[in-house]
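Peer 1: CSV, N, CA and C atoms and all ligand atoms, saved as coords08.csv, coming up:
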chain,number,residue,atom,x,y,z
A,46,MET,N,-16.3,-1.4,-18.4
A,46,MET,CA,-15.9,-2.6,-19.1
A,46,MET,C,-16.6,-3.8,-18.5
A,47,ALA,N,-17.0,-4.7,-19.3
A,47,ALA,CA,-17.9,-5.8,-18.8
A,47,ALA,C,-17.1,-6.8,-18.1
A,48,ASP,N,-15.8,-7.0,-18.4
A,48,ASP,CA,-15.0,-8.0,-17.8
A,48,ASP,C,-14.8,-7.8,-16.3
A,49,ALA,N,-15.1,-8.8,-15.5
A,49,ALA,CA,-15.0,-8.6,-14.0
A,49,ALA,C,-13.5,-8.5,-13.6
A,50,THR,N,-12.6,-8.8,-14.4
A,50,THR,CA,-11.2,-8.7,-14.0
A,50,THR,C,-10.5,-7.4,-14.5
A,51,ARG,N,-11.4,-6.5,-15.0
A,51,ARG,CA,-10.8,-5.2,-15.5
A,51,ARG,C,-11.6,-4.0,-15.0
A,52,CYS,N,-11.0,-2.9,-15.1
A,52,CYS,CA,-11.7,-1.6,-14.8
A,52,CYS,C,-11.1,-0.5,-15.6
A,53,ALA,N,-11.9,0.6,-15.7
A,53,ALA,CA,-11.4,1.7,-16.5
A,53,ALA,C,-11.6,3.0,-15.6
A,54,ILE,N,-10.6,3.8,-15.6
A,54,ILE,CA,-10.7,5.0,-14.7
A,54,ILE,C,-10.3,6.2,-15.5
A,55,PRO,N,-11.0,7.3,-15.4
A,55,PRO,CA,-10.6,8.5,-16.2
A,55,PRO,C,-9.2,9.0,-15.8
A,56,LEU,N,-8.4,9.2,-16.7
A,56,LEU,CA,-7.0,9.6,-16.5
A,56,LEU,C,-7.0,10.9,-15.6
A,57,ALA,N,-8.0,11.7,-15.7
A,57,ALA,CA,-8.0,13.0,-14.9
A,57,ALA,C,-8.2,12.7,-13.4
A,58,GLU,N,-8.5,11.5,-13.0
A,58,GLU,CA,-8.8,11.2,-11.6
A,58,GLU,C,-7.5,11.1,-10.8
A,59,ILE,N,-6.4,11.0,-11.5
A,59,ILE,CA,-5.1,10.8,-10.8
A,59,ILE,C,-4.0,11.7,-11.3
A,60,ALA,N,-3.4,12.5,-10.4
A,60,ALA,CA,-2.4,13.4,-10.8
A,60,ALA,C,-1.0,12.7,-10.7
A,61,GLU,N,0.0,13.3,-11.3
A,61,GLU,CA,1.3,12.7,-11.1
A,61,GLU,C,1.7,12.8,-9.7
A,62,GLY,N,2.3,11.7,-9.2
A,62,GLY,CA,2.8,11.6,-7.8
A,62,GLY,C,1.7,11.1,-6.9
A,63,GLN,N,0.5,10.7,-7.5
A,63,GLN,CA,-0.6,10.3,-6.6
A,63,GLN,C,-0.9,8.8,-6.9
A,64,MET,N,-1.7,8.2,-6.0
A,64,MET,CA,-2.1,6.9,-6.1
A,64,MET,C,-3.7,6.8,-5.9
A,65,LEU,N,-4.3,5.8,-6.5
A,65,LEU,CA,-5.7,5.6,-6.2
A,65,LEU,C,-5.8,4.1,-6.2
A,66,VAL,N,-6.9,3.6,-5.5
A,66,VAL,CA,-7.2,2.2,-5.3
A,66,VAL,C,-8.5,1.8,-6.0
A,67,ARG,N,-8.5,0.7,-6.6
A,67,ARG,CA,-9.7,0.1,-7.1
A,67,ARG,C,-9.8,-1.4,-6.7
A,68,SER,N,-11.0,-1.8,-6.5
A,68,SER,CA,-11.2,-3.2,-6.2
A,68,SER,C,-11.6,-3.9,-7.6
A,69,ILE,N,-10.9,-4.8,-8.0
A,69,ILE,CA,-11.2,-5.5,-9.3
A,69,ILE,C,-11.4,-7.0,-8.9
A,70,ASN,N,-12.6,-7.4,-9.1
A,70,ASN,CA,-12.9,-8.8,-8.8
A,70,ASN,C,-12.5,-9.2,-7.4
A,71,GLY,N,-12.7,-8.3,-6.5
A,71,GLY,CA,-12.4,-8.5,-5.1
A,71,GLY,C,-10.9,-8.4,-4.7
A,72,ARG,N,-10.1,-7.9,-5.7
A,72,ARG,CA,-8.7,-7.8,-5.4
A,72,ARG,C,-8.3,-6.3,-5.4
A,73,GLU,N,-7.6,-5.8,-4.4
A,73,GLU,CA,-7.3,-4.4,-4.3
A,73,GLU,C,-6.1,-4.1,-5.2
A,74,VAL,N,-6.2,-3.2,-6.0
A,74,VAL,CA,-5.1,-2.8,-6.9
A,74,VAL,C,-4.8,-1.3,-6.7
A,75,VAL,N,-3.5,-1.0,-6.5
A,75,VAL,CA,-3.1,0.5,-6.4
A,75,VAL,C,-2.6,0.9,-7.7
A,76,ILE,N,-3.1,2.1,-8.2
A,76,ILE,CA,-2.6,2.6,-9.4
A,76,ILE,C,-1.7,3.8,-9.1
A,77,CYS,N,-0.5,3.8,-9.6
A,77,CYS,CA,0.5,4.8,-9.2
A,77,CYS,C,0.9,5.6,-10.5
A,78,ARG,N,0.7,6.9,-10.4
A,78,ARG,CA,1.1,7.7,-11.5
A,78,ARG,C,2.4,8.5,-11.2
A,79,THR,N,3.4,8.2,-12.0
A,79,THR,CA,4.7,8.8,-11.8
A,79,THR,C,5.1,9.6,-13.0
A,80,GLN,N,6.2,10.3,-13.0
A,80,GLN,CA,6.7,11.0,-14.1
A,80,GLN,C,7.2,10.0,-15.2
A,81,HIS,N,7.4,8.8,-14.8
A,81,HIS,CA,7.8,7.8,-15.8
A,81,HIS,C,6.7,6.9,-16.4
A,82,GLY,N,5.5,7.1,-15.9
A,82,GLY,CA,4.4,6.3,-16.4
A,82,GLY,C,3.4,6.0,-15.3
A,83,ILE,N,2.4,5.2,-15.7
A,83,ILE,CA,1.4,4.8,-14.7
A,83,ILE,C,1.4,3.3,-14.6
A,84,TYR,N,1.3,2.8,-13.4
A,84,TYR,CA,1.5,1.4,-13.1
A,84,TYR,C,0.4,0.9,-12.1
A,85,ALA,N,0.1,-0.4,-12.3
A,85,ALA,CA,-0.9,-1.0,-11.4
A,85,ALA,C,-0.3,-2.2,-10.7
A,86,LEU,N,-0.5,-2.3,-9.4
A,86,LEU,CA,0.1,-3.3,-8.6
A,86,LEU,C,-0.9,-3.8,-7.5
A,87,ASP,N,-0.6,-4.9,-6.9
A,87,ASP,CA,-1.4,-5.3,-5.7
A,87,ASP,C,-1.2,-4.2,-4.7
A,88,ASN,N,-2.3,-4.0,-3.9
A,88,ASN,CA,-2.2,-2.9,-2.9
A,88,ASN,C,-1.8,-3.5,-1.5
A,89,VAL,N,-1.6,-4.8,-1.4
A,89,VAL,CA,-1.2,-5.3,-0.1
A,89,VAL,C,0.2,-5.7,-0.1
A,90,CYS,N,0.9,-5.2,0.9
A,90,CYS,CA,2.4,-5.4,1.1
A,90,CYS,C,2.6,-6.9,1.1
A,91,THR,N,3.8,-7.4,0.6
A,91,THR,CA,4.1,-8.8,0.6
A,91,THR,C,4.8,-9.2,1.9
A,92,HIS,N,5.1,-8.2,2.8
A,92,HIS,CA,5.7,-8.5,4.1
A,92,HIS,C,4.7,-9.0,5.1
A,93,ALA,N,3.7,-8.1,5.4
A,93,ALA,CA,2.6,-8.5,6.3
A,93,ALA,C,1.4,-7.8,5.7
A,94,TYR,N,0.4,-7.5,6.6
A,94,TYR,CA,-0.8,-6.9,6.0
A,94,TYR,C,-0.8,-5.4,6.2
A,95,ALA,N,-0.5,-4.7,5.1
A,95,ALA,CA,-0.7,-3.2,5.1
A,95,ALA,C,-1.1,-2.8,3.7
A,96,ARG,N,-1.9,-1.8,3.7
A,96,ARG,CA,-2.4,-1.3,2.4
A,96,ARG,C,-1.4,-0.2,1.9
A,97,LEU,N,-0.8,-0.5,0.8
A,97,LEU,CA,0.3,0.4,0.3
A,97,LEU,C,-0.2,1.8,-0.1
A,98,ASN,N,-1.5,2.0,-0.5
A,98,ASN,CA,-1.9,3.3,-0.8
A,98,ASN,C,-1.9,4.2,0.4
A,99,GLU,N,-1.8,3.6,1.6
A,99,GLU,CA,-1.7,4.4,2.8
A,99,GLU,C,-0.3,4.8,3.2
A,100,GLY,N,0.6,4.4,2.3
A,100,GLY,CA,2.0,4.8,2.5
A,100,GLY,C,2.3,5.9,1.6
A,101,ARG,N,3.6,6.0,1.0
A,101,ARG,CA,4.0,7.1,0.2
A,101,ARG,C,4.5,6.7,-1.1
A,102,LEU,N,4.3,7.5,-2.1
A,102,LEU,CA,4.9,7.3,-3.4
A,102,LEU,C,6.0,8.4,-3.7
A,103,ARG,N,7.2,7.9,-3.8
A,103,ARG,CA,8.3,8.8,-4.0
A,103,ARG,C,9.0,8.5,-5.4
A,104,GLY,N,8.7,9.2,-6.4
A,104,GLY,CA,9.2,8.8,-7.7
A,104,GLY,C,8.5,7.5,-8.1
A,105,THR,N,9.4,6.5,-8.4
A,105,THR,CA,8.8,5.2,-8.7
A,105,THR,C,8.9,4.3,-7.5
A,106,ARG,N,9.2,4.8,-6.3
A,106,ARG,CA,9.3,4.0,-5.1
A,106,ARG,C,8.0,4.1,-4.3
A,107,LEU,N,7.4,2.9,-4.0
A,107,LEU,CA,6.2,2.8,-3.2
A,107,LEU,C,6.6,2.3,-1.8
A,108,ILE,N,6.3,3.1,-0.8
A,108,ILE,CA,6.8,2.8,0.5
A,108,ILE,C,5.7,2.4,1.4
A,109,CYS,N,5.8,1.2,2.1
A,109,CYS,CA,4.8,0.7,2.9
A,109,CYS,C,4.7,1.5,4.2
A,110,PRO,N,3.4,1.7,4.7
A,110,PRO,CA,3.3,2.5,5.9
A,110,PRO,C,3.6,1.8,7.2
A,111,LEU,N,3.6,0.5,7.1
A,111,LEU,CA,3.7,-0.3,8.4
A,111,LEU,C,5.2,-0.4,8.9
A,112,HIS,N,6.0,-1.0,8.0
A,112,HIS,CA,7.4,-1.2,8.5
A,112,HIS,C,8.4,-0.6,7.5
A,113,GLY,N,8.0,0.1,6.5
A,113,GLY,CA,8.9,0.9,5.7
A,113,GLY,C,9.5,0.2,4.5
A,114,ALA,N,9.1,-1.1,4.2
A,114,ALA,CA,9.6,-1.7,3.0
A,114,ALA,C,9.2,-0.9,1.7
A,115,SER,N,10.0,-1.0,0.7
A,115,SER,CA,9.7,-0.2,-0.5
A,115,SER,C,9.8,-1.1,-1.7
A,116,PHE,N,9.0,-0.7,-2.8
A,116,PHE,CA,8.9,-1.5,-4.0
A,116,PHE,C,9.0,-0.5,-5.2
A,117,ASP,N,9.6,-1.1,-6.3
A,117,ASP,CA,9.6,-0.3,-7.5
A,117,ASP,C,8.3,-0.6,-8.2
A,118,VAL,N,7.6,0.5,-8.5
A,118,VAL,CA,6.2,0.4,-9.1
A,118,VAL,C,6.3,-0.1,-10.5
A,119,ARG,N,7.5,0.0,-11.2
A,119,ARG,CA,7.6,-0.4,-12.6
A,119,ARG,C,7.5,-1.9,-12.7
A,120,ASP,N,8.0,-2.6,-11.8
A,120,ASP,CA,8.1,-4.1,-11.9
A,120,ASP,C,7.7,-4.8,-10.6
A,121,GLY,N,7.4,-4.1,-9.5
A,121,GLY,CA,7.0,-4.7,-8.3
A,121,GLY,C,8.1,-5.2,-7.4
A,122,ARG,N,9.4,-5.1,-7.9
A,122,ARG,CA,10.5,-5.7,-7.1
A,122,ARG,C,10.7,-4.9,-5.8
A,123,PRO,N,11.1,-5.7,-4.7
A,123,PRO,CA,11.4,-5.0,-3.5
A,123,PRO,C,12.7,-4.2,-3.6
A,124,LEU,N,12.7,-3.0,-3.0
A,124,LEU,CA,13.9,-2.2,-3.0
A,124,LEU,C,14.5,-2.1,-1.7
A,125,GLY,N,13.6,-2.3,-0.6
A,125,GLY,CA,14.1,-2.2,0.7
A,125,GLY,C,13.4,-3.1,1.7
A,126,ALA,N,14.2,-3.6,2.7
A,126,ALA,CA,13.6,-4.5,3.7
A,126,ALA,C,12.5,-3.8,4.5
A,127,PRO,N,11.7,-4.6,5.1
A,127,PRO,CA,11.8,-6.0,5.3
A,127,PRO,C,11.1,-6.9,4.3
A,128,ALA,N,10.5,-6.3,3.3
A,128,ALA,CA,9.8,-7.2,2.3
A,128,ALA,C,10.9,-7.8,1.4
A,129,THR,N,10.7,-9.1,1.0
A,129,THR,CA,11.7,-9.7,0.1
A,129,THR,C,11.0,-10.2,-1.2
A,130,ARG,N,9.7,-10.3,-1.1
A,130,ARG,CA,8.9,-10.8,-2.3
A,130,ARG,C,8.4,-9.7,-3.1
A,131,PRO,N,8.3,-9.8,-4.4
A,131,PRO,CA,7.8,-8.7,-5.2
A,131,PRO,C,6.3,-8.6,-5.1
A,132,LEU,N,5.8,-7.4,-5.4
A,132,LEU,CA,4.4,-7.2,-5.6
A,132,LEU,C,4.0,-7.7,-7.0
A,133,THR,N,2.8,-8.2,-7.1
A,133,THR,CA,2.3,-8.6,-8.4
A,133,THR,C,1.9,-7.3,-9.1
A,134,THR,N,2.3,-7.2,-10.4
A,134,THR,CA,1.9,-6.1,-11.2
A,134,THR,C,0.8,-6.5,-12.1
A,135,HIS,N,0.0,-5.6,-12.6
A,135,HIS,CA,-1.1,-5.8,-13.5
A,135,HIS,C,-1.0,-5.0,-14.8
A,136,ASP,N,-1.6,-5.5,-15.8
A,136,ASP,CA,-1.5,-4.9,-17.1
A,136,ASP,C,-2.3,-3.6,-17.1
A,137,LEU,N,-1.8,-2.5,-17.7
A,137,LEU,CA,-2.4,-1.2,-17.7
A,137,LEU,C,-2.2,-0.6,-19.1
A,138,ARG,N,-3.2,0.1,-19.6
A,138,ARG,CA,-3.1,0.8,-20.8
A,138,ARG,C,-4.0,2.0,-20.8
A,139,ILE,N,-3.7,3.0,-21.6
A,139,ILE,CA,-4.5,4.2,-21.7
A,139,ILE,C,-5.2,4.2,-23.0
A,140,VAL,N,-6.5,4.3,-22.9
A,140,VAL,CA,-7.4,4.2,-24.1
A,140,VAL,C,-8.4,5.4,-24.0
A,141,ALA,N,-8.3,6.3,-25.0
A,141,ALA,CA,-9.2,7.4,-25.0
A,141,ALA,C,-9.4,8.2,-23.7
A,142,GLY,N,-8.3,8.4,-23.1
A,142,GLY,CA,-8.3,9.2,-21.8
A,142,GLY,C,-8.7,8.4,-20.6
A,143,ARG,N,-8.7,7.1,-20.7
A,143,ARG,CA,-9.1,6.3,-19.6
A,143,ARG,C,-8.0,5.3,-19.3
A,144,ILE,N,-7.7,5.1,-18.0
A,144,ILE,CA,-6.8,4.0,-17.6
A,144,ILE,C,-7.5,2.7,-17.6
A,145,GLU,N,-7.1,1.8,-18.3
A,145,GLU,CA,-7.7,0.4,-18.3
A,145,GLU,C,-6.7,-0.5,-17.6
A,146,VAL,N,-7.2,-1.2,-16.5
A,146,VAL,CA,-6.4,-2.1,-15.8
A,146,VAL,C,-7.0,-3.5,-15.9
A,147,ALA,N,-6.2,-4.5,-16.2
A,147,ALA,CA,-6.6,-5.8,-16.3
A,147,ALA,C,-5.8,-6.7,-15.3
A,148,LEU,N,-6.4,-7.4,-14.5
A,148,LEU,CA,-5.7,-8.3,-13.6
A,148,LEU,C,-4.9,-9.3,-14.4
A,149,ARG,N,-3.7,-9.6,-13.9
A,149,ARG,CA,-3.0,-10.7,-14.5
A,149,ARG,C,-3.8,-12.0,-14.3
A,150,PRO,N,-3.8,-12.8,-15.3
A,150,PRO,CA,-4.7,-14.0,-15.2
A,150,PRO,C,-4.4,-14.9,-14.0
A,151,ASP,N,-3.1,-14.9,-13.6
A,151,ASP,CA,-2.8,-15.8,-12.5
A,151,ASP,C,-3.0,-15.1,-11.1
A,152,ALA,N,-3.6,-13.8,-11.2
A,152,ALA,CA,-3.9,-13.1,-10.0
A,152,ALA,C,-5.3,-12.7,-9.9
A,153,ALA,N,-6.1,-13.5,-10.6
A,153,ALA,CA,-7.6,-13.1,-10.8
A,153,ALA,C,-8.4,-13.5,-9.5
A,154,GLU,N,-7.8,-14.3,-8.6
A,154,GLU,CA,-8.5,-14.6,-7.4
A,154,GLU,C,-8.3,-13.5,-6.4
A,155,PRO,N,-9.3,-13.2,-5.5
A,155,PRO,CA,-9.2,-12.2,-4.5
A,155,PRO,C,-8.0,-12.4,-3.6
A,156,GLN,N,-7.5,-11.3,-3.1
A,156,GLN,CA,-6.3,-11.4,-2.2
A,156,GLN,C,-6.8,-11.9,-0.8
A,157,SER,N,-5.9,-12.6,-0.1
A,157,SER,CA,-6.1,-12.9,1.3
A,157,SER,C,-5.1,-12.1,2.1
A,158,GLY,N,-5.6,-11.8,3.3
A,158,GLY,CA,-4.7,-10.9,4.1
A,158,GLY,C,-3.6,-11.7,4.7
B,1,LIG,S1,3.8,-4.8,6.2
B,1,LIG,FE1,4.8,-3.7,4.6
B,1,LIG,S2,6.9,-3.6,5.4
B,1,LIG,FE2,5.8,-4.8,6.9
Could I get this file's structure written as structure tokens?

Peer 2:
Amino acid sequence: MADATRCAIPLAEIAEGQMLVRSINGREVVICRTQHGIYALDNVCTHAYARLNEGRLRGTRLICPLHGASFDVRDGRPLGAPATRPLTTHDLRIVAGRIEVALRPDAAEPQSG
């Protein structure tokens, strides 16, 4: 895809229950495939600096590896302390066997740690 705020990933690259990370316009996005669907979110925890793809995905719950906060991948809301702020979610669609992710317009700037 030509747009610097988008990327496309073959669906076959991610199995159910797995995560993968892509950098889109300098922003790390974690893509989570669950039995309920596929979701794209910022990969950096809102509590402190930790990469969420290094944690665990349990159903629709994404668990931070550093202090154990968890988030609902469907909408980014925090499910467990110590994080209190939601993760930013990004638009995702499946087109011809590829996952297309587009950064939310208000999240197009690279993340800061
Ligand atoms: S950095 Fe994720 S819970 Fe603290």

Peer 1: Find the distance between atom CA of Arg67 of chain A and atom CA of Leu137 of chain A and write it in Å to one decimal.

Peer 2: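 Result for atom CA of Arg67 of chain A versus atom CA of Leu137 of chain A: 12.9 Å, one decimal.
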
Peer 1: Give me, as a tab-separated table, the closest atom pair and its distance (Å, one decimal) for every residue of chain A within a cut-off of 7 Å of ligand LIG 1 (chain B), counting only C-alpha atoms and all ligand atoms, rows sorted by chain and rising number.

Peer 2:
residue	atom	partner	partner_atom	distance
A:Cys90	CA	B:LIG1	FE1	4.6
A:Thr91	CA	B:LIG1	FE1	6.5
A:His92	CA	B:LIG1	FE2	4.6
A:Ala93	CA	B:LIG1	S1	3.9
A:Tyr94	CA	B:LIG1	S1	5.1
A:Ala95	CA	B:LIG1	S1	4.9
A:Cys109	CA	B:LIG1	FE1	4.7
A:Pro110	CA	B:LIG1	FE1	6.5
A:Leu111	CA	B:LIG1	S1	5.0
A:His112	CA	B:LIG1	S2	4.0
A:Gly113	CA	B:LIG1	S2	4.9
A:Ala114	CA	B:LIG1	S2	4.1
A:Ala126	CA	B:LIG1	S2	7.0
A:Pro127	CA	B:LIG1	S2	5.5
A:Ala128	CA	B:LIG1	S2	5.6

Peer 1: Please work out which residues fall within 7 Å of (3.1, 5.3, -9.3), coordinates as given in the file, with only N, CA and C atoms counting, and return them as a PyMOL selection string.

Peer 2: chain A and resi 62-64+76-80+82-84+102+104-106+118

Peer 1: Would you save the residues from that selection as a compact mmCIF listing (two decimals), in the frame of the given file, using N, CA and C atoms?

Peer 2:
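Result written to result_6.txt:
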# COMPACT_ATOMS: atom_id res chain seq x y z
N GLY A 62 2.30 11.70 -9.20
CA GLY A 62 2.80 11.60 -7.80
C GLY A 62 1.70 11.10 -6.90
N GLN A 63 0.50 10.70 -7.50
CA GLN A 63 -0.60 10.30 -6.60
C GLN A 63 -0.90 8.80 -6.90
N MET A 64 -1.70 8.20 -6.00
CA MET A 64 -2.10 6.90 -6.10
C MET A 64 -3.70 6.80 -5.90
N ILE A 76 -3.10 2.10 -8.20
CA ILE A 76 -2.60 2.60 -9.40
C ILE A 76 -1.70 3.80 -9.10
N CYS A 77 -0.50 3.80 -9.60
CA CYS A 77 0.50 4.80 -9.20
C CYS A 77 0.90 5.60 -10.50
N ARG A 78 0.70 6.90 -10.40
CA ARG A 78 1.10 7.70 -11.50
C ARG A 78 2.40 8.50 -11.20
N THR A 79 3.40 8.20 -12.00
CA THR A 79 4.70 8.80 -11.80
C THR A 79 5.10 9.60 -13.00
N GLN A 80 6.20 10.30 -13.00
CA GLN A 80 6.70 11.00 -14.10
C GLN A 80 7.20 10.00 -15.20
N GLY A 82 5.50 7.10 -15.90
CA GLY A 82 4.40 6.30 -16.40
C GLY A 82 3.40 6.00 -15.30
N ILE A 83 2.40 5.20 -15.70
CA ILE A 83 1.40 4.80 -14.70
C ILE A 83 1.40 3.30 -14.60
N TYR A 84 1.30 2.80 -13.40
CA TYR A 84 1.50 1.40 -13.10
C TYR A 84 0.40 0.90 -12.10
N LEU A 102 4.30 7.50 -2.10
CA LEU A 102 4.90 7.30 -3.40
C LEU A 102 6.00 8.40 -3.70
N GLY A 104 8.70 9.20 -6.40
CA GLY A 104 9.20 8.80 -7.70
C GLY A 104 8.50 7.50 -8.10
N THR A 105 9.40 6.50 -8.40
CA THR A 105 8.80 5.20 -8.70
C THR A 105 8.90 4.30 -7.50
N ARG A 106 9.20 4.80 -6.30
CA ARG A 106 9.30 4.00 -5.10
C ARG A 106 8.00 4.10 -4.30
N VAL A 118 7.60 0.50 -8.50
CA VAL A 118 6.20 0.40 -9.10
C VAL A 118 6.30 -0.10 -10.50

Peer 1: Can you pull out every residue within 10 Å of Val66 of chain A, counting only C-alpha atoms, but drop anything in the same chain fewer than 3 positions away, and send it as a VMD selection string?

Peer 2: chain A and resid 69 73 to 77 85 to 88 96 to 98

Peer 1: Could you tell me how far atom C of Leu132 of chain A lies from atom C of Asp120 of chain A, in Å and to one decimal?

Peer 2: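 So the two atoms, atom C of Leu132 of chain A and atom C of Asp120 of chain A, lie 5.9 Å apart.
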
Peer 1: Between A:Pro55, A:His81, A:Glu61, A:Arg149, single out the one closest to Asp117 of chain A, counting only C-alpha atoms.

Peer 2: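 The answer is A:His81, which sits nearest to Asp117 of chain A.
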
Peer 1: Check chain A with DSSP on the backbone and list each residue it calls strand (DSSP E or B), as a PyMOL selection string.

Peer 2: chain A and resi 51-55+64-69+72-79+82-87+89+96+101-103+106-108+115-117+123-125+134-140+143-147

Peer 1: Keeping only N, CA and C atoms, take the residues you just selected and write them out as a compact mmCIF listing (two decimals), in the frame of the given file.

Peer 2:
# COMPACT_ATOMS: atom_id res chain seq x y z
N ARG A 51 -11.40 -6.50 -15.00
CA ARG A 51 -10.80 -5.20 -15.50
C ARG A 51 -11.60 -4.00 -15.00
N CYS A 52 -11.00 -2.90 -15.10
CA CYS A 52 -11.70 -1.60 -14.80
C CYS A 52 -11.10 -0.50 -15.60
N ALA A 53 -11.90 0.60 -15.70
CA ALA A 53 -11.40 1.70 -16.50
C ALA A 53 -11.60 3.00 -15.60
N ILE A 54 -10.60 3.80 -15.60
CA ILE A 54 -10.70 5.00 -14.70
C ILE A 54 -10.30 6.20 -15.50
N PRO A 55 -11.00 7.30 -15.40
CA PRO A 55 -10.60 8.50 -16.20
C PRO A 55 -9.20 9.00 -15.80
N MET A 64 -1.70 8.20 -6.00
CA MET A 64 -2.10 6.90 -6.10
C MET A 64 -3.70 6.80 -5.90
N LEU A 65 -4.30 5.80 -6.50
CA LEU A 65 -5.70 5.60 -6.20
C LEU A 65 -5.80 4.10 -6.20
N VAL A 66 -6.90 3.60 -5.50
CA VAL A 66 -7.20 2.20 -5.30
C VAL A 66 -8.50 1.80 -6.00
N ARG A 67 -8.50 0.70 -6.60
CA ARG A 67 -9.70 0.10 -7.10
C ARG A 67 -9.80 -1.40 -6.70
N SER A 68 -11.00 -1.80 -6.50
CA SER A 68 -11.20 -3.20 -6.20
C SER A 68 -11.60 -3.90 -7.60
N ILE A 69 -10.90 -4.80 -8.00
CA ILE A 69 -11.20 -5.50 -9.30
C ILE A 69 -11.40 -7.00 -8.90
N ARG A 72 -10.10 -7.90 -5.70
CA ARG A 72 -8.70 -7.80 -5.40
C ARG A 72 -8.30 -6.30 -5.40
N GLU A 73 -7.60 -5.80 -4.40
CA GLU A 73 -7.30 -4.40 -4.30
C GLU A 73 -6.10 -4.10 -5.20
N VAL A 74 -6.20 -3.20 -6.00
CA VAL A 74 -5.10 -2.80 -6.90
C VAL A 74 -4.80 -1.30 -6.70
N VAL A 75 -3.50 -1.00 -6.50
CA VAL A 75 -3.10 0.50 -6.40
C VAL A 75 -2.60 0.90 -7.70
N ILE A 76 -3.10 2.10 -8.20
CA ILE A 76 -2.60 2.60 -9.40
C ILE A 76 -1.70 3.80 -9.10
N CYS A 77 -0.50 3.80 -9.60
CA CYS A 77 0.50 4.80 -9.20
C CYS A 77 0.90 5.60 -10.50
N ARG A 78 0.70 6.90 -10.40
CA ARG A 78 1.10 7.70 -11.50
C ARG A 78 2.40 8.50 -11.20
N THR A 79 3.40 8.20 -12.00
CA THR A 79 4.70 8.80 -11.80
C THR A 79 5.10 9.60 -13.00
N GLY A 82 5.50 7.10 -15.90
CA GLY A 82 4.40 6.30 -16.40
C GLY A 82 3.40 6.00 -15.30
N ILE A 83 2.40 5.20 -15.70
CA ILE A 83 1.40 4.80 -14.70
C ILE A 83 1.40 3.30 -14.60
N TYR A 84 1.30 2.80 -13.40
CA TYR A 84 1.50 1.40 -13.10
C TYR A 84 0.40 0.90 -12.10
N ALA A 85 0.10 -0.40 -12.30
CA ALA A 85 -0.90 -1.00 -11.40
C ALA A 85 -0.30 -2.20 -10.70
N LEU A 86 -0.50 -2.30 -9.40
CA LEU A 86 0.10 -3.30 -8.60
C LEU A 86 -0.90 -3.80 -7.50
N ASP A 87 -0.60 -4.90 -6.90
CA ASP A 87 -1.40 -5.30 -5.70
C ASP A 87 -1.20 -4.20 -4.70
N VAL A 89 -1.60 -4.80 -1.40
CA VAL A 89 -1.20 -5.30 -0.10
C VAL A 89 0.20 -5.70 -0.10
N ARG A 96 -1.90 -1.80 3.70
CA ARG A 96 -2.40 -1.30 2.40
C ARG A 96 -1.40 -0.20 1.90
N ARG A 101 3.60 6.00 1.00
CA ARG A 101 4.00 7.10 0.20
C ARG A 101 4.50 6.70 -1.10
N LEU A 102 4.30 7.50 -2.10
CA LEU A 102 4.90 7.30 -3.40
C LEU A 102 6.00 8.40 -3.70
N ARG A 103 7.20 7.90 -3.80
CA ARG A 103 8.30 8.80 -4.00
C ARG A 103 9.00 8.50 -5.40
N ARG A 106 9.20 4.80 -6.30
CA ARG A 106 9.30 4.00 -5.10
C ARG A 106 8.00 4.10 -4.30
N LEU A 107 7.40 2.90 -4.00
CA LEU A 107 6.20 2.80 -3.20
C LEU A 107 6.60 2.30 -1.80
N ILE A 108 6.30 3.10 -0.80
CA ILE A 108 6.80 2.80 0.50
C ILE A 108 5.70 2.40 1.40
N SER A 115 10.00 -1.00 0.70
CA SER A 115 9.70 -0.20 -0.50
C SER A 115 9.80 -1.10 -1.70
N PHE A 116 9.00 -0.70 -2.80
CA PHE A 116 8.90 -1.50 -4.00
C PHE A 116 9.00 -0.50 -5.20
N ASP A 117 9.60 -1.10 -6.30
CA ASP A 117 9.60 -0.30 -7.50
C ASP A 117 8.30 -0.60 -8.20
N PRO A 123 11.10 -5.70 -4.70
CA PRO A 123 11.40 -5.00 -3.50
C PRO A 123 12.70 -4.20 -3.60
N LEU A 124 12.70 -3.00 -3.00
CA LEU A 124 13.90 -2.20 -3.00
C LEU A 124 14.50 -2.10 -1.70
N GLY A 125 13.60 -2.30 -0.60
CA GLY A 125 14.10 -2.20 0.70
C GLY A 125 13.40 -3.10 1.70
N THR A 134 2.30 -7.20 -10.40
CA THR A 134 1.90 -6.10 -11.20
C THR A 134 0.80 -6.50 -12.10
N HIS A 135 0.00 -5.60 -12.60
CA HIS A 135 -1.10 -5.80 -13.50
C HIS A 135 -1.00 -5.00 -14.80
N ASP A 136 -1.60 -5.50 -15.80
CA ASP A 136 -1.50 -4.90 -17.10
C ASP A 136 -2.30 -3.60 -17.10
N LEU A 137 -1.80 -2.50 -17.70
CA LEU A 137 -2.40 -1.20 -17.70
C LEU A 137 -2.20 -0.60 -19.10
N ARG A 138 -3.20 0.10 -19.60
CA ARG A 138 -3.10 0.80 -20.80
C ARG A 138 -4.00 2.00 -20.80
N ILE A 139 -3.70 3.00 -21.60
CA ILE A 139 -4.50 4.20 -21.70
C ILE A 139 -5.20 4.20 -23.00
N VAL A 140 -6.50 4.30 -22.90
CA VAL A 140 -7.40 4.20 -24.10
C VAL A 140 -8.40 5.40 -24.00
N ARG A 143 -8.70 7.10 -20.70
CA ARG A 143 -9.10 6.30 -19.60
C ARG A 143 -8.00 5.30 -19.30
N ILE A 144 -7.70 5.10 -18.00
CA ILE A 144 -6.80 4.00 -17.60
C ILE A 144 -7.50 2.70 -17.60
N GLU A 145 -7.10 1.80 -18.30
CA GLU A 145 -7.70 0.40 -18.30
C GLU A 145 -6.70 -0.50 -17.60
N VAL A 146 -7.20 -1.20 -16.50
CA VAL A 146 -6.40 -2.10 -15.80
C VAL A 146 -7.00 -3.50 -15.90
N ALA A 147 -6.20 -4.50 -16.20
CA ALA A 147 -6.60 -5.80 -16.30
C ALA A 147 -5.80 -6.70 -15.30

Peer 1: Work out how far atom N of Asp48 of chain A is from atom CA of Pro150 of chain A, in Å to one decimal.

Peer 2: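 That distance, rounded to one decimal, is 13.5 Å.
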